[in-house]
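Shown next, in structure tokens, is the structure this report addresses.
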Amino acid sequence: MNHTLKEELVEVFRKNGADLVRFGNVERFENEAVREIFPGTKTVIGAAFRVLRGARRGIEEGSTYYQYTTCGVETMEETVMPMALLRACAVLEDHGFEALPQRRNQTIMEEEDSTNPEIEFQAIYRGKTAEKQLDFEACAVLCGLGERGLSGTLLTDDFGPFQRYVFLLTDAEIEPDPIVEPHLCDHCGKCVEACPGHALSKEGKLDRWQCAAYYIGANMHYNPFMPAEFLAGDPDRLAIIAGEAQLTPERAREVMEHITFYPPMKHCYPASICGKACDTACYIHLEEKGVLKRKFRTPFRKREAWKLPLLPEPK
């Protein structure tokens, strides 16, 4: 095992913004995609980057929404994490090894009729089975980054659910880190309760189309930009804007076509109006339990959560 190379990789990842770096030997990965994507893989390297707690402050206060998606999603996925991946790959190549970077394929899906709630649904190419995709959450667990919570989100001792992550597949054999024993998620259900569109079942199964519609603000209670004329004349309007409607994929697309009252980001990222309320609720619960390593001078939730009334449809 090459301890010096491992230390060098951790250092370059950290210099380029990573907060956590963990290594998993390929034998752990039952998912055939690892070996199919890069035959000869011996080690999977996972790097997690914190999503700043403060990036969510605007949505928590109902004061600014642009910052979460730009700072917590787009800049992370399109700038910070790719640069760290490229620099770490260069280190491996300097040592004579190959490394294949793996960031999420945000607009490519193997499934025929699913979606990525963080991406404009019109921009996704579906049914692309010729290109294998990593199960990012499973890989994060198998690298030893953290555990999987009820909602499927990765949880870590440092940041709870507030991180994003990338991977390197390499033919370098590097000492693995231990898999984390689950200890954070107590299945409290706070993530389920917090979703403005009830997109999570009690068992944590996510309805991705339902999530997509309410991620961008289909619930008027939590969207200060929604005008009263939204879905005017639609017989299901009240149920939809109250977050009580169960949307089919077709209906979700129809609703999202009308949510045009807040600008999207670049790279096909729509602005998140919910700010991933499921993760926020999870973080608040873990902070209240005192199980997170990183402490703050004040709690994240400083006052009772706000909620707007439903506006009557214009006559």
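By order of appearance in the structure tokens: chains A, B, ..., then residues from 1 within every chain, and ligands from 1 in the order shown.
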
Give me the residues near stretch 80-87 of chain A as a short mmCIF file (atom, residue, chain, number, x, y, z; two decimals) with all heavy atoms, in the first residue's frame, where near means some atom within 6 Å (using only C-alpha atoms) and where sequence neighbours in that chain fewer than 3 positions away do not count.
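Generated file (part-v7.cif):
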data_model
loop_
_atom_site.label_atom_id
_atom_site.label_comp_id
_atom_site.auth_asym_id
_atom_site.auth_seq_id
_atom_site.Cartn_x
_atom_site.Cartn_y
_atom_site.Cartn_z
N PHE A 13 -6.53 17.37 -2.49
CA PHE A 13 -7.98 17.55 -2.40
C PHE A 13 -8.31 18.67 -1.41
O PHE A 13 -9.15 19.54 -1.69
CB PHE A 13 -8.66 16.25 -1.96
CG PHE A 13 -9.20 15.42 -3.09
CD1 PHE A 13 -8.74 14.12 -3.29
CD2 PHE A 13 -10.18 15.91 -3.93
CE1 PHE A 13 -9.24 13.34 -4.33
CE2 PHE A 13 -10.69 15.15 -4.96
CZ PHE A 13 -10.22 13.85 -5.16
N ASN A 16 -7.75 22.13 -2.56
CA ASN A 16 -8.72 22.54 -3.58
C ASN A 16 -10.15 22.47 -3.07
O ASN A 16 -11.09 22.36 -3.86
CB ASN A 16 -8.55 21.69 -4.82
CG ASN A 16 -7.32 22.08 -5.62
OD1 ASN A 16 -7.35 23.01 -6.42
ND2 ASN A 16 -6.20 21.38 -5.39
N MET A 76 -20.42 24.73 -6.71
CA MET A 76 -19.80 23.50 -6.21
C MET A 76 -19.64 22.48 -7.33
O MET A 76 -18.56 21.94 -7.55
CB MET A 76 -20.67 22.90 -5.10
CG MET A 76 -20.87 23.79 -3.90
SD MET A 76 -19.40 23.92 -2.88
CE MET A 76 -19.36 22.29 -2.16
N GLU A 77 -20.73 22.24 -8.06
CA GLU A 77 -20.73 21.19 -9.07
C GLU A 77 -19.95 21.56 -10.34
O GLU A 77 -19.37 20.71 -10.99
CB GLU A 77 -22.18 20.84 -9.46
CG GLU A 77 -22.98 20.15 -8.36
CD GLU A 77 -22.56 18.70 -8.15
OE1 GLU A 77 -21.81 18.15 -8.99
OE2 GLU A 77 -22.99 18.11 -7.14
N ALA A 90 -4.22 14.55 -11.68
CA ALA A 90 -2.87 14.88 -12.12
C ALA A 90 -1.82 14.28 -11.19
O ALA A 90 -0.77 13.81 -11.64
CB ALA A 90 -2.71 16.40 -12.20
#

I'd like the neighbourhood of stretch 106-111 of chain A as a PyMOL selection string, where a residue qualifies if any of its atoms comes within 12 Å (using only C-alpha atoms), though same-chain residues fewer than 3 positions away should be ignored. chain A and resi 73-74+77-78+102-103+114-136+208+267-269

Same residues, N, CA and C atoms, saved as a compact mmCIF listing (two decimals), in the first residue's frame:
# COMPACT_ATOMS: atom_id res chain seq x y z
N VAL A 73 -24.98 24.81 -4.87
CA VAL A 73 -25.17 23.77 -5.89
C VAL A 73 -24.29 24.06 -7.11
N GLU A 74 -24.60 25.11 -7.84
CA GLU A 74 -23.97 25.34 -9.14
C GLU A 74 -22.45 25.53 -9.05
N GLU A 77 -20.73 22.24 -8.06
CA GLU A 77 -20.73 21.19 -9.07
C GLU A 77 -19.95 21.56 -10.34
N GLU A 78 -19.95 22.84 -10.68
CA GLU A 78 -19.38 23.26 -11.96
C GLU A 78 -17.97 23.85 -11.86
N GLN A 102 -15.16 11.22 -11.53
CA GLN A 102 -16.59 10.94 -11.56
C GLN A 102 -17.35 12.03 -10.81
N ARG A 103 -17.94 12.94 -11.57
CA ARG A 103 -18.89 13.90 -11.00
C ARG A 103 -20.26 13.45 -11.48
N SER A 114 -37.67 9.29 -15.32
CA SER A 114 -37.35 9.86 -14.01
C SER A 114 -36.79 11.26 -14.25
N THR A 115 -36.34 11.90 -13.20
CA THR A 115 -35.78 13.24 -13.36
C THR A 115 -34.81 13.53 -12.24
N ASN A 116 -34.04 14.57 -12.42
CA ASN A 116 -33.14 15.09 -11.40
C ASN A 116 -33.73 16.40 -10.91
N PRO A 117 -34.24 16.45 -9.69
CA PRO A 117 -34.93 17.67 -9.23
C PRO A 117 -34.07 18.93 -9.27
N GLU A 118 -32.75 18.79 -9.26
CA GLU A 118 -31.88 19.95 -9.26
C GLU A 118 -31.60 20.49 -10.67
N ILE A 119 -32.14 19.82 -11.69
CA ILE A 119 -31.89 20.20 -13.08
C ILE A 119 -33.22 20.46 -13.78
N GLU A 120 -33.23 21.45 -14.69
CA GLU A 120 -34.44 21.70 -15.47
C GLU A 120 -34.81 20.42 -16.22
N PHE A 121 -36.03 19.97 -16.04
CA PHE A 121 -36.41 18.65 -16.56
C PHE A 121 -36.32 18.58 -18.08
N GLN A 122 -36.48 19.72 -18.76
CA GLN A 122 -36.41 19.72 -20.23
C GLN A 122 -34.99 19.45 -20.72
N ALA A 123 -33.99 19.67 -19.87
CA ALA A 123 -32.59 19.56 -20.29
C ALA A 123 -32.02 18.15 -20.09
N ILE A 124 -32.81 17.24 -19.52
CA ILE A 124 -32.29 15.91 -19.19
C ILE A 124 -32.48 14.95 -20.37
N TYR A 125 -31.44 14.20 -20.67
CA TYR A 125 -31.50 13.14 -21.69
C TYR A 125 -31.70 11.82 -20.95
N ARG A 126 -32.84 11.19 -21.19
CA ARG A 126 -33.23 9.99 -20.44
C ARG A 126 -33.03 8.72 -21.25
N GLY A 127 -32.96 7.58 -20.55
CA GLY A 127 -32.85 6.29 -21.20
C GLY A 127 -31.50 6.05 -21.85
N LYS A 128 -30.45 6.68 -21.33
CA LYS A 128 -29.11 6.51 -21.91
C LYS A 128 -28.38 5.37 -21.20
N THR A 129 -28.81 4.14 -21.50
CA THR A 129 -28.27 2.97 -20.80
C THR A 129 -26.88 2.58 -21.28
N ALA A 130 -26.43 3.13 -22.38
CA ALA A 130 -25.10 2.79 -22.87
C ALA A 130 -24.00 3.37 -21.98
N GLU A 131 -24.35 4.37 -21.18
CA GLU A 131 -23.37 4.98 -20.28
C GLU A 131 -23.75 4.66 -18.84
N LYS A 132 -22.91 3.89 -18.18
CA LYS A 132 -23.18 3.48 -16.81
C LYS A 132 -23.03 4.65 -15.85
N GLN A 133 -23.84 4.64 -14.80
CA GLN A 133 -23.81 5.71 -13.80
C GLN A 133 -23.48 5.11 -12.43
N LEU A 134 -22.64 5.81 -11.68
CA LEU A 134 -22.39 5.41 -10.31
C LEU A 134 -23.59 5.73 -9.44
N ASP A 135 -23.83 4.90 -8.46
CA ASP A 135 -24.76 5.23 -7.38
C ASP A 135 -23.96 6.05 -6.38
N PHE A 136 -24.12 7.37 -6.45
CA PHE A 136 -23.26 8.26 -5.67
C PHE A 136 -23.40 8.05 -4.16
N ARG A 208 -39.46 11.48 -7.40
CA ARG A 208 -38.56 12.48 -7.97
C ARG A 208 -39.30 13.57 -8.74
N HIS A 267 -26.11 26.55 -16.55
CA HIS A 267 -25.86 25.12 -16.57
C HIS A 267 -27.12 24.30 -16.28
N CYS A 268 -28.28 24.84 -16.60
CA CYS A 268 -29.57 24.13 -16.47
C CYS A 268 -30.00 23.90 -15.03
N TYR A 269 -29.47 24.67 -14.09
CA TYR A 269 -29.90 24.54 -12.70
C TYR A 269 -31.05 25.50 -12.42

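With distances restricted to only C-alpha atoms, A:Glu60 is the closest residue to A:Ala277 from A:Asp236, A:Glu7, A:Glu173, A:Glu60.
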
If you count only C-alpha atoms, the residue of A:Val21, A:Leu184, A:Leu52, A:Ile37 closest to A:Phe300 turns out to be A:Leu52

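Residues of stretch 112-162 of chain A that DSSP places in strand (DSSP E), based on the backbone of this structure, are A:Glu147, A:Arg148, A:Leu154, A:Leu155.
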
Name all residues at most 8 Å from A:Gly58 (count only C-alpha atoms; drop same-chain ones fewer than 6 positions away) and give them as a list in words. Thr64, Tyr65, Gln67 and Tyr68 of chain A

N, CA and C atoms of the current selection, written as a PDB file, in the first residue's frame:
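Saved file result.pdb follows:
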ATOM      1  N   THR A  64     -33.534  35.880   0.809  1.00  0.00           N
ATOM      2  CA  THR A  64     -32.822  35.779  -0.463  1.00  0.00           C
ATOM      3  C   THR A  64     -32.704  34.314  -0.864  1.00  0.00           C
ATOM      4  N   TYR A  65     -32.947  34.036  -2.124  1.00  0.00           N
ATOM      5  CA  TYR A  65     -33.007  32.650  -2.596  1.00  0.00           C
ATOM      6  C   TYR A  65     -31.905  32.300  -3.585  1.00  0.00           C
ATOM      7  N   GLN A  67     -28.783  32.754  -3.575  1.00  0.00           N
ATOM      8  CA  GLN A  67     -27.471  32.361  -3.050  1.00  0.00           C
ATOM      9  C   GLN A  67     -27.347  30.863  -2.794  1.00  0.00           C
ATOM     10  N   TYR A  68     -28.412  30.216  -2.346  1.00  0.00           N
ATOM     11  CA  TYR A  68     -28.283  28.787  -2.069  1.00  0.00           C
ATOM     12  C   TYR A  68     -27.939  28.014  -3.340  1.00  0.00           C
TER      13      TYR A  68
END

Give the helix (DSSP H, G or I) residues of stretch 37-275 of chain A, as assigned by DSSP on the backbone, as number ranges by chain. A: 37, 53-61, 66-94, 121-123, 136-143, 190-194, 208-215, 220-222, 237-241, 249-258
